[in-house]
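Data block for coords.csv (CSV, C-alpha atoms and all ligand atoms):
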chain,number,residue,atom,x,y,z
A,28,MET,CA,-14.8,-272.2,361.3
A,29,PRO,CA,-18.5,-272.9,361.6
A,30,GLY,CA,-20.8,-269.9,361.1
A,31,VAL,CA,-18.2,-267.8,359.4
A,32,PRO,CA,-19.1,-267.0,355.8
A,33,THR,CA,-16.8,-268.3,353.1
A,34,ASP,CA,-18.4,-266.7,350.1
A,35,PRO,CA,-18.0,-263.1,348.9
A,36,ALA,CA,-20.9,-261.1,350.2
A,37,GLU,CA,-23.3,-259.9,347.5
A,38,THR,CA,-23.6,-256.6,349.3
A,39,GLU,CA,-20.0,-255.7,348.6
A,40,CYS,CA,-19.1,-253.1,346.1
A,41,GLY,CA,-16.0,-252.2,344.1
A,42,ASN,CA,-13.3,-249.6,344.9
A,43,LEU,CA,-13.9,-246.0,343.9
A,44,ALA,CA,-11.4,-244.1,341.8
A,45,VAL,CA,-11.8,-240.9,343.9
A,46,PRO,CA,-10.2,-240.7,347.4
A,47,MET,CA,-12.8,-240.9,350.1
A,48,GLU,CA,-12.1,-237.5,351.7
A,49,GLU,CA,-12.7,-235.8,348.3
A,50,MET,CA,-16.0,-237.7,347.8
A,51,VAL,CA,-17.2,-236.9,351.3
A,52,ALA,CA,-16.2,-233.3,351.0
A,53,ALA,CA,-18.0,-232.9,347.8
A,54,THR,CA,-21.2,-234.4,349.3
A,55,ASN,CA,-21.1,-232.9,352.7
A,56,PRO,CA,-18.7,-229.9,352.8
A,57,ALA,CA,-19.2,-228.9,356.5
A,58,PRO,CA,-16.0,-229.8,358.2
A,59,ALA,CA,-15.9,-231.1,361.7
A,60,GLY,CA,-16.3,-228.4,364.3
A,61,SER,CA,-17.7,-225.9,361.8
A,62,GLY,CA,-20.5,-223.6,362.9
A,63,ASP,CA,-23.5,-225.6,361.6
A,64,ALA,CA,-22.5,-229.0,363.1
A,65,ALA,CA,-23.3,-229.7,366.7
A,66,PRO,CA,-20.1,-230.5,368.7
A,67,VAL,CA,-19.6,-234.2,369.1
A,68,PRO,CA,-17.8,-236.0,371.9
A,69,ALA,CA,-14.5,-237.5,371.0
A,70,ALA,CA,-14.0,-241.3,371.0
A,71,PRO,CA,-11.5,-242.3,373.7
A,72,GLY,CA,-8.5,-244.6,373.3
A,73,ARG,CA,-7.1,-246.2,370.2
A,74,ILE,CA,-9.0,-247.7,367.3
A,75,GLY,CA,-7.6,-250.6,365.4
A,76,VAL,CA,-9.0,-251.1,361.9
A,77,VAL,CA,-8.4,-254.6,360.5
A,78,GLY,CA,-8.5,-254.8,356.8
A,79,ALA,CA,-8.5,-251.2,355.7
A,80,GLY,CA,-10.4,-251.3,352.4
A,81,VAL,CA,-13.2,-249.1,350.9
A,82,MET,CA,-15.7,-249.2,353.8
A,83,ALA,CA,-12.9,-248.9,356.4
A,84,GLU,CA,-11.6,-245.8,354.6
A,85,ALA,CA,-15.1,-244.3,354.6
A,86,MET,CA,-15.3,-244.9,358.4
A,87,VAL,CA,-11.9,-243.4,359.1
A,88,ALA,CA,-12.5,-240.4,356.9
A,89,GLY,CA,-15.8,-239.8,358.6
A,90,TRP,CA,-14.4,-240.1,362.1
A,91,LEU,CA,-11.5,-237.7,361.3
A,92,ARG,CA,-13.8,-235.2,359.5
A,93,ARG,CA,-16.1,-235.0,362.5
A,94,GLY,CA,-13.3,-234.7,364.9
A,95,LEU,CA,-14.3,-237.9,366.7
A,96,VAL,CA,-10.7,-239.1,366.7
A,97,GLN,CA,-7.3,-237.8,366.0
A,98,PRO,CA,-5.2,-239.5,363.3
A,99,GLN,CA,-2.7,-240.8,365.9
A,100,GLN,CA,-5.5,-242.7,367.6
A,101,VAL,CA,-6.1,-244.8,364.6
A,102,THR,CA,-4.1,-247.9,363.5
A,103,CYS,CA,-5.0,-249.5,360.2
A,104,SER,CA,-3.7,-252.9,359.2
A,105,HIS,CA,-3.4,-253.9,355.5
A,106,PRO,CA,-1.3,-256.6,353.8
A,107,ARG,CA,-0.3,-254.4,350.9
A,108,PRO,CA,2.5,-251.8,351.6
A,109,GLU,CA,1.2,-249.4,348.8
A,110,ARG,CA,-2.3,-249.4,350.4
A,111,ARG,CA,-0.7,-248.7,353.8
A,112,GLU,CA,1.3,-245.8,352.4
A,113,GLU,CA,-1.9,-244.5,350.7
A,114,LEU,CA,-3.8,-244.4,354.0
A,115,ARG,CA,-0.9,-242.9,355.9
A,116,HIS,CA,-0.5,-240.2,353.3
A,117,ARG,CA,-4.2,-239.3,353.1
A,118,TYR,CA,-5.1,-239.4,356.7
A,119,GLY,CA,-1.9,-239.4,358.8
A,120,VAL,CA,-3.0,-242.6,360.6
A,121,GLU,CA,-0.6,-245.2,361.8
A,122,VAL,CA,-0.4,-248.2,359.5
A,123,VAL,CA,0.8,-251.7,360.1
A,124,GLY,CA,1.1,-254.9,358.1
A,125,SER,CA,0.1,-257.2,361.0
A,126,ASN,CA,-3.6,-257.4,362.0
A,127,ALA,CA,-2.6,-258.4,365.5
A,128,SER,CA,-0.6,-255.2,365.9
A,129,ALA,CA,-3.7,-253.1,365.0
A,130,SER,CA,-5.9,-254.8,367.6
A,131,ARG,CA,-3.4,-255.0,370.4
A,132,ALA,CA,-4.2,-252.4,373.1
A,133,ALA,CA,-7.1,-250.9,371.0
A,134,SER,CA,-10.3,-250.0,372.8
A,135,ILE,CA,-12.2,-250.5,369.6
A,136,VAL,CA,-11.3,-253.1,367.0
A,137,ALA,CA,-13.1,-252.6,363.7
A,138,LEU,CA,-13.4,-255.7,361.6
A,139,THR,CA,-13.7,-254.6,358.0
A,140,VAL,CA,-12.3,-257.5,355.9
A,141,LYS,CA,-14.2,-259.3,353.3
A,142,PRO,CA,-16.3,-262.3,354.7
A,143,GLN,CA,-14.1,-264.9,353.1
A,144,MET,CA,-11.0,-263.5,354.9
A,145,LEU,CA,-12.6,-263.8,358.4
A,146,PRO,CA,-11.6,-267.4,359.0
A,147,ARG,CA,-8.0,-266.4,358.5
A,148,VAL,CA,-8.1,-263.1,360.3
A,149,LEU,CA,-10.0,-264.1,363.5
A,150,PRO,CA,-7.3,-266.6,364.7
A,151,GLU,CA,-4.6,-263.8,364.1
A,152,LEU,CA,-6.5,-261.5,366.5
A,153,ARG,CA,-7.4,-264.1,369.1
A,154,GLY,CA,-5.6,-263.3,372.4
A,155,THR,CA,-4.6,-259.8,371.4
A,156,LEU,CA,-7.7,-257.9,372.6
A,157,THR,CA,-7.9,-256.3,376.0
A,158,ASP,CA,-10.8,-257.3,378.2
A,159,ASP,CA,-12.6,-254.0,377.8
A,160,ALA,CA,-12.2,-253.8,374.0
A,161,LEU,CA,-15.2,-253.4,371.8
A,162,VAL,CA,-15.3,-255.3,368.5
A,163,LEU,CA,-17.1,-253.5,365.8
A,164,SER,CA,-17.8,-255.7,362.8
A,165,ILE,CA,-19.2,-254.7,359.4
A,166,VAL,CA,-18.5,-258.0,357.8
A,167,ALA,CA,-21.6,-259.1,355.9
A,168,GLY,CA,-23.1,-262.4,357.0
A,169,ALA,CA,-20.8,-262.8,360.1
A,170,SER,CA,-22.9,-263.4,363.2
A,171,THR,CA,-21.9,-262.2,366.6
A,172,ALA,CA,-21.8,-265.9,367.7
A,173,SER,CA,-19.1,-266.7,365.1
A,174,ILE,CA,-17.1,-263.6,365.9
A,175,ARG,CA,-17.3,-264.2,369.6
A,176,ALA,CA,-16.3,-267.8,369.2
A,177,GLY,CA,-13.4,-266.9,366.8
A,178,LEU,CA,-12.0,-264.2,369.0
A,179,GLY,CA,-12.8,-265.5,372.4
A,180,HIS,CA,-14.2,-262.1,373.2
A,181,SER,CA,-17.8,-261.3,374.1
A,182,ALA,CA,-18.4,-257.5,373.5
A,183,VAL,CA,-19.3,-257.4,369.8
A,184,VAL,CA,-21.3,-255.0,367.7
A,185,ARG,CA,-22.5,-256.4,364.4
A,186,ALA,CA,-23.3,-253.6,361.9
A,187,MET,CA,-24.6,-253.6,358.4
A,188,PRO,CA,-23.9,-250.3,356.5
A,189,ASN,CA,-24.7,-249.8,352.8
A,190,THR,CA,-22.8,-248.4,349.9
A,191,PRO,CA,-23.8,-244.7,350.3
A,192,ALA,CA,-21.9,-244.8,353.6
A,193,GLN,CA,-18.9,-244.2,351.4
A,194,ILE,CA,-20.1,-240.5,351.1
A,195,GLY,CA,-21.6,-240.3,354.6
A,196,SER,CA,-25.1,-240.9,353.3
A,197,GLY,CA,-25.6,-244.5,354.3
A,198,VAL,CA,-27.9,-246.3,356.7
A,199,THR,CA,-26.3,-248.6,359.2
A,200,VAL,CA,-28.4,-251.1,361.2
A,201,TRP,CA,-26.5,-252.6,364.2
A,202,TYR,CA,-26.9,-255.0,367.1
A,203,ALA,CA,-24.8,-255.2,370.3
A,204,THR,CA,-24.3,-258.3,372.3
A,205,PRO,CA,-25.4,-258.2,376.0
A,206,ASP,CA,-21.7,-257.8,377.1
A,207,VAL,CA,-21.4,-254.4,375.3
A,208,ASN,CA,-21.7,-251.9,378.1
A,209,PRO,CA,-23.7,-248.6,377.8
A,210,GLY,CA,-20.6,-246.5,377.2
A,211,GLN,CA,-19.4,-248.8,374.4
A,212,ARG,CA,-23.0,-248.8,372.9
A,213,GLU,CA,-22.9,-245.0,372.8
A,214,LEU,CA,-19.5,-245.0,371.2
A,215,ALA,CA,-20.6,-247.5,368.6
A,216,ASP,CA,-23.5,-245.3,367.7
A,217,LEU,CA,-21.3,-242.2,367.5
A,218,LEU,CA,-18.8,-244.0,365.2
A,219,LEU,CA,-21.4,-245.5,363.0
A,220,HIS,CA,-23.1,-242.1,362.6
A,221,ALA,CA,-20.0,-241.1,360.6
A,222,LEU,CA,-21.4,-243.3,357.8
A,223,GLY,CA,-24.9,-241.6,357.8
A,224,VAL,CA,-28.0,-242.7,359.7
A,225,SER,CA,-27.4,-245.3,362.5
A,226,VAL,CA,-30.2,-247.6,363.7
A,227,GLU,CA,-29.7,-249.9,366.7
A,228,VAL,CA,-31.9,-253.1,366.8
A,229,GLU,CA,-32.5,-255.4,369.8
A,230,ASP,CA,-32.7,-258.6,367.7
A,231,GLU,CA,-29.7,-259.7,365.6
A,232,LEU,CA,-32.1,-261.3,363.1
A,233,GLN,CA,-33.0,-257.7,362.1
A,234,VAL,CA,-29.4,-257.1,361.0
A,235,ALA,CA,-29.7,-260.1,358.6
A,236,MET,CA,-33.1,-258.7,357.5
A,237,ALA,CA,-31.5,-255.2,357.0
A,238,THR,CA,-28.8,-256.8,354.8
A,239,ALA,CA,-31.6,-257.8,352.4
A,240,LEU,CA,-33.4,-254.4,352.6
A,241,SER,CA,-31.0,-251.5,353.2
A,242,GLY,CA,-27.6,-253.3,352.7
A,243,THR,CA,-28.6,-254.6,349.3
A,244,GLY,CA,-31.0,-251.7,348.8
A,245,PRO,CA,-28.7,-249.6,346.6
A,246,THR,CA,-28.5,-252.5,344.2
A,247,TYR,CA,-32.3,-252.4,343.7
A,248,ALA,CA,-32.2,-248.6,343.3
A,249,PHE,CA,-29.3,-248.7,340.8
A,250,LEU,CA,-31.1,-251.4,338.7
A,251,PHE,CA,-34.3,-249.4,338.7
A,252,ALA,CA,-32.5,-246.3,337.6
A,253,GLU,CA,-30.6,-248.2,334.9
A,254,ALA,CA,-33.9,-249.6,333.6
A,255,LEU,CA,-35.4,-246.1,333.4
A,256,ILE,CA,-32.4,-244.7,331.7
A,257,GLU,CA,-32.4,-247.4,329.1
A,258,ALA,CA,-36.1,-246.8,328.5
A,259,GLY,CA,-35.4,-243.1,328.0
A,260,VAL,CA,-32.7,-244.0,325.5
A,261,HIS,CA,-35.1,-246.4,323.8
A,262,LEU,CA,-37.6,-243.5,323.5
A,263,GLY,CA,-34.9,-241.5,321.7
A,264,PHE,CA,-33.3,-239.3,324.4
A,265,PRO,CA,-29.5,-238.9,324.3
A,266,ARG,CA,-27.9,-240.9,327.1
A,267,HIS,CA,-26.7,-237.9,329.1
A,268,LEU,CA,-30.1,-236.3,329.1
A,269,ALA,CA,-31.9,-239.6,330.0
A,270,ARG,CA,-29.4,-239.9,333.0
A,271,THR,CA,-30.1,-236.4,334.2
A,272,LEU,CA,-33.8,-236.8,333.9
A,273,VAL,CA,-33.9,-240.1,335.8
A,274,TRP,CA,-31.5,-239.2,338.6
A,275,ASP,CA,-33.2,-235.8,339.2
A,276,THR,CA,-36.6,-237.4,339.1
A,277,LEU,CA,-35.6,-240.1,341.6
A,278,ARG,CA,-33.8,-237.6,343.9
A,279,GLY,CA,-36.8,-235.2,343.8
A,280,SER,CA,-39.3,-238.0,344.4
A,281,VAL,CA,-37.5,-239.3,347.4
A,282,ASP,CA,-37.1,-235.7,348.9
A,283,PHE,CA,-40.8,-235.0,348.2
A,284,ALA,CA,-42.0,-238.3,349.7
A,285,VAL,CA,-39.8,-237.9,352.9
A,286,GLN,CA,-40.8,-234.3,353.4
A,287,SER,CA,-44.5,-235.0,352.9
A,288,GLY,CA,-44.5,-237.9,355.4
A,289,GLU,CA,-47.2,-239.6,353.3
A,290,HIS,CA,-47.3,-243.3,352.5
A,291,PRO,CA,-46.0,-243.9,348.9
A,292,ALA,CA,-49.3,-245.4,347.9
A,293,ARG,CA,-51.1,-242.1,348.7
A,294,LEU,CA,-48.5,-240.1,346.8
A,295,ARG,CA,-48.8,-242.5,343.8
A,296,ASP,CA,-52.6,-242.1,344.0
A,297,MET,CA,-52.3,-238.3,343.9
A,298,VAL,CA,-50.4,-238.4,340.6
A,299,THR,CA,-52.5,-241.0,338.9
A,300,SER,CA,-55.3,-239.3,336.9
A,301,PRO,CA,-58.1,-241.6,335.6
A,302,GLY,CA,-57.2,-242.7,332.1
A,303,GLY,CA,-53.9,-240.8,332.2
A,304,THR,CA,-50.3,-241.7,331.5
A,305,SER,CA,-49.5,-242.9,335.1
A,306,ALA,CA,-52.5,-245.2,335.1
A,307,GLU,CA,-51.3,-246.7,331.9
A,308,ALA,CA,-47.7,-247.1,333.1
A,309,LEU,CA,-48.9,-248.6,336.4
A,310,ALA,CA,-51.1,-251.2,334.6
A,311,ALA,CA,-48.0,-252.3,332.6
A,312,LEU,CA,-45.9,-252.6,335.8
A,313,GLU,CA,-48.6,-254.7,337.5
A,314,ARG,CA,-48.9,-257.0,334.4
A,315,GLY,CA,-45.1,-257.5,334.8
A,316,ARG,CA,-45.6,-258.5,338.5
A,317,PHE,CA,-43.4,-255.6,339.6
A,318,ARG,CA,-44.2,-255.8,343.3
A,319,THR,CA,-43.9,-259.6,343.4
A,320,VAL,CA,-40.5,-259.5,341.7
A,321,VAL,CA,-39.3,-256.8,344.1
A,322,GLY,CA,-40.5,-258.9,347.1
A,323,ASP,CA,-38.9,-262.0,345.7
A,324,ALA,CA,-35.6,-260.2,345.3
A,325,VAL,CA,-35.6,-259.1,348.9
A,326,TRP,CA,-36.4,-262.6,350.2
A,327,ALA,CA,-33.7,-264.0,347.9
A,328,ALA,CA,-31.1,-261.6,349.4
A,329,TYR,CA,-32.3,-262.5,352.9
A,330,ARG,CA,-32.0,-266.2,352.3
A,331,ARG,CA,-28.5,-265.6,350.9
A,332,THR,CA,-27.5,-263.7,354.1
A,333,LYS,CA,-28.6,-266.6,356.2
A,334,GLU,CA,-26.7,-269.0,354.1
A,335,LEU,CA,-23.6,-266.9,354.5
A,336,GLU,CA,-24.1,-266.9,358.3
A,337,THR,CA,-24.3,-270.7,358.4
A,338,GLY,CA,-21.7,-271.3,355.8
A,339,THR,CA,-24.2,-273.2,353.5
A,340,SER,CA,-24.4,-272.4,349.7
A,341,SER,CA,-27.2,-272.4,347.2
A,342,ALA,CA,-25.0,-271.2,344.3
A,343,GLY,CA,-26.6,-272.3,341.0
A,344,GLY,CA,-29.8,-273.4,342.7
A,345,PRO,CA,-33.2,-272.6,341.2
A,346,PRO,CA,-35.0,-269.5,342.4
A,347,THR,CA,-37.6,-270.0,345.1
A,348,GLY,CA,-40.7,-267.9,346.0
A,349,PRO,CA,-41.0,-265.4,348.8
A,350,GLY,CA,-40.8,-267.0,352.2
A,351,ALA,CA,-40.2,-270.5,350.7
A,352,SER,CA,-37.4,-271.3,353.2
A,353,GLY,CA,-38.8,-269.2,356.1
A,354,ARG,CA,-37.1,-266.6,358.1
A,355,ALA,CA,-34.5,-268.9,359.4
A,356,GLY,CA,-33.2,-269.2,355.8
B,401,LIG,N1,-18.8,-251.9,350.5
B,401,LIG,C1,-20.1,-251.8,350.9
B,401,LIG,O1,-20.9,-251.1,350.5
B,401,LIG,C2,-20.4,-252.7,352.1
B,401,LIG,C3,-21.7,-252.6,352.7
B,401,LIG,C4,-22.0,-253.4,353.8
B,401,LIG,C5,-21.0,-254.2,354.4
B,401,LIG,N2,-19.8,-254.3,353.8
B,401,LIG,C6,-18.8,-255.2,354.4
B,401,LIG,O2,-17.7,-254.5,354.7
B,401,LIG,C7,-16.5,-255.3,354.6
B,401,LIG,C8,-15.5,-254.6,353.7
B,401,LIG,O3,-16.1,-254.3,352.4
B,401,LIG,P1,-15.3,-253.4,351.4
B,401,LIG,O4,-16.2,-253.1,350.3
B,401,LIG,O5,-14.7,-252.3,352.1
B,401,LIG,O6,-14.2,-254.4,350.9
B,401,LIG,P2,-12.7,-254.1,350.5
B,401,LIG,O7,-12.5,-252.8,350.0
B,401,LIG,O8,-12.2,-255.3,349.7
B,401,LIG,O9,-11.9,-254.1,352.0
B,401,LIG,C9,-11.3,-255.3,352.5
B,401,LIG,C10,-9.8,-255.0,352.6
B,401,LIG,O10,-9.2,-256.0,353.4
B,401,LIG,C11,-8.0,-256.3,352.7
B,401,LIG,N3,-7.5,-257.6,353.1
B,401,LIG,C12,-7.4,-258.7,352.3
B,401,LIG,N4,-6.8,-259.7,353.1
B,401,LIG,C13,-6.6,-259.2,354.3
B,401,LIG,C14,-6.0,-259.8,355.5
B,401,LIG,N5,-5.6,-261.0,355.5
B,401,LIG,N6,-5.9,-259.0,356.5
B,401,LIG,C15,-6.3,-257.7,356.5
B,401,LIG,N7,-6.8,-257.1,355.4
B,401,LIG,C16,-7.0,-257.9,354.3
B,401,LIG,C17,-8.3,-256.2,351.3
B,401,LIG,O11,-7.1,-256.0,350.5
B,401,LIG,P3,-7.0,-256.2,348.9
B,401,LIG,O12,-7.5,-254.9,348.4
B,401,LIG,O13,-5.6,-256.4,348.7
B,401,LIG,O14,-7.9,-257.4,348.6
B,401,LIG,C18,-9.1,-254.9,351.2
B,401,LIG,O15,-8.4,-253.7,351.1
B,401,LIG,C19,-17.0,-256.6,353.9
B,401,LIG,O16,-17.1,-257.6,354.9
B,401,LIG,C20,-18.4,-256.3,353.5
B,401,LIG,O17,-19.3,-257.4,353.6
B,401,LIG,C21,-19.5,-253.5,352.7
Can the structure in the file be given as structure tokens, please?
Amino acid sequence: MPGVPTDPAETECGNLAVPMEEMVAATNPAPAGSGDAAPVPAAPGRIGVVGAGVMAEAMVAGWLRRGLVQPQQVTCSHPRPERREELRHRYGVEVVGSNASASRAASIVALTVKPQMLPRVLPELRGTLTDDALVLSIVAGASTASIRAGLGHSAVVRAMPNTPAQIGSGVTVWYATPDVNPGQRELADLLLHALGVSVEVEDELQVAMATALSGTGPTYAFLFAEALIEAGVHLGFPRHLARTLVWDTLRGSVDFAVQSGEHPARLRDMVTSPGGTSAEALAALERGRFRTVVGDAVWAAYRRTKELETGTSSAGGPPTGPGASGRAG
């Protein structure tokens, strides 16, 4: 199927050992409907979740925790019986082996399979959706045009969450096709809020751009943290201490920057004394072309997103500079 990605998305992450409801509870212990949370409207109708893996579980756990849906409103499809049993046991949702059974009569059909499964799954769903159903896809690199063509259905939301969504602390950027009505738009926003911050964009290209910035963003953050921890170990810190110092420094710096509302360049300037340690460290980063490398990485991720959208591949190709292939990828 043209336009449907056939490669694994580079924004995907591995399964976590801890059940989603435990991770979310540890991070955000306020249960749905508890005093400090504003009451939220419930999602109407049934939700079919097609391909109930890690991100799907994060979504279902968030919806249930916030009281947006009742377990009996959710039907999750999965090919493996043990995974179906796991989901039924943890959340009390309905589970089915057939993707078509999950989407039939659902008012929302969440597409949460890996990109390479989409060419197989879309034909299974074609003809099962009701006219007023909303398709909510989080499949990386799958354009609304390819989903609409594959399903023969025009109300589609394409969303790009990121890994912290698994604990309700993600950022999701989403685009709705013109056939998504205002009520469905509101519902999509409500459901995506269960993953953290939800940002709607008017231009689908910005979902591809967000894939490179926020979707892939945790990868940049993890690599930077890893490099700092290794540097700390190289200095002579025990690993556990280096880890604590780095994570708490990063967490505190982000909180401080967000609370101050200042541009990061100004905050950096504030902590850089003439002839001091920060000035010396910054000079070393600039010699290493830190900004250029970060910019190149974001552009490389963007180009890869566009390749996944069009089904082309550059695997093994040489790296290219920022903007070398333009925004159209
Ligand atoms: N994880 C992230 O942080 C993240 C961020 C942004 C976007 N996304 C997107 O979210 C989607 C899901 O990612 P994920 O990390 O949740 O992956 P995942 O855990 O692998 O979830 C996909 C699930 O689909 C199942 N599956 C395989 N074949 C199927 C079929 N024919 N029909 C129905 N289900 C089938 C898989 O089963 P098996 O376990 O047996 O393979 C797996 O449990 C991807 O498209 C990804 O691009 C993920």
TODO: Output the neighbourhood of ligand LIG 401 (chain B) as an MDAnalysis selection string, that is, all protein and nucleic acid residues with some atom at most 7 Å from the ligand, counting only C-alpha atoms and all ligand atoms.
DONE: chainID A and resid 36 38:42 77:83 104:107 126 139:142 144 147:148 165:167 187:190 242
- [ ] Have a look at CA of Gly89 (chain A) and CA of Ala221 (chain A) and let me know their distance in Å, one decimal.
- [x] 4.8 Å
- [ ] Determine the nearest neighbour of Ala324 (chain A) from the options A:Ala172, A:Ala186, A:Ala239, A:Leu178, counting only C-alpha atoms.
- [x] A:Ala239
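Atom to atom, CA of Arg293 (chain A) and CA of Ala308 (chain A) stand 16.7 Å apart.
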- [ ] To one decimal in Å, tell me the separation between CA of Ser225 (chain A) and CA of Val184 (chain A).
- [x] 12.6 Å
Task: Nearest to Tyr202 (chain A), chosen from A:Glu334, A:Asp216, A:Glu113, A:Asp323, with all atoms listed in the file counted in the distances - done: A:Asp216
TODO: Please provide the set of residues having any atom within 8 Å of Thr243 (chain A), restricted to only C-alpha atoms, with same-chain residues fewer than 2 positions apart removed, written as a PyMOL selection string.
DONE: chain A and resi 37-38+189+238-241+245-247+328
Open item on the list: With distances taken over only C-alpha atoms, which residue among A:Val96, A:Ile74, A:Ile256, A:Gly119 lies nearest Thr276 (chain A)?
Closed with: A:Ile256
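Nearest residue to Glu231 (chain A), choosing from A:Lys333, A:Arg131, A:His267, A:Arg314 and counting all atoms listed in the file: A:Lys333.
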TODO: Measuring atom to atom with only C-alpha atoms, identify which of A:Glu84, A:Leu91, A:Leu255, A:Pro146 is nearest to Ala192 (chain A).
DONE: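 Of A:Glu84, A:Leu91, A:Leu255, A:Pro146, the one nearest Ala192 (chain A), counting only C-alpha atoms, is A:Glu84.
Closest approach to Pro71 (chain A) among A:Leu218, A:Ala85, A:Leu145, A:Ala252: A:Leu218, based on only C-alpha atoms.
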TODO: Write out as a ChimeraX atom specification which residues come within 10 Å of Leu156 (chain A) when counting all atoms listed in the file, dropping same-chain ones fewer than 4 positions away.
DONE: /A:127,129-136,152,160-162,178-180
Kindly provide, as a PDB file with C-alpha atoms, in the coordinates of the input, the polymer residues lying within 9 Å of (-29.8, -263.9, 353.0), counting all atoms listed in the file and using the coordinates exactly as they appear in the file.
ATOM      1  CA  GLY A 168     -23.100-262.400 357.000  1.00  0.00           C
ATOM      2  CA  ALA A 235     -29.700-260.100 358.600  1.00  0.00           C
ATOM      3  CA  MET A 236     -33.100-258.700 357.500  1.00  0.00           C
ATOM      4  CA  THR A 238     -28.800-256.800 354.800  1.00  0.00           C
ATOM      5  CA  ALA A 239     -31.600-257.800 352.400  1.00  0.00           C
ATOM      6  CA  VAL A 325     -35.600-259.100 348.900  1.00  0.00           C
ATOM      7  CA  TRP A 326     -36.400-262.600 350.200  1.00  0.00           C
ATOM      8  CA  ALA A 327     -33.700-264.000 347.900  1.00  0.00           C
ATOM      9  CA  ALA A 328     -31.100-261.600 349.400  1.00  0.00           C
ATOM     10  CA  TYR A 329     -32.300-262.500 352.900  1.00  0.00           C
ATOM     11  CA  ARG A 330     -32.000-266.200 352.300  1.00  0.00           C
ATOM     12  CA  ARG A 331     -28.500-265.600 350.900  1.00  0.00           C
ATOM     13  CA  THR A 332     -27.500-263.700 354.100  1.00  0.00           C
ATOM     14  CA  LYS A 333     -28.600-266.600 356.200  1.00  0.00           C
ATOM     15  CA  GLU A 334     -26.700-269.000 354.100  1.00  0.00           C
ATOM     16  CA  LEU A 335     -23.600-266.900 354.500  1.00  0.00           C
ATOM     17  CA  GLU A 336     -24.100-266.900 358.300  1.00  0.00           C
ATOM     18  CA  GLY A 356     -33.200-269.200 355.800  1.00  0.00           C
TER      19      GLY A 356
END
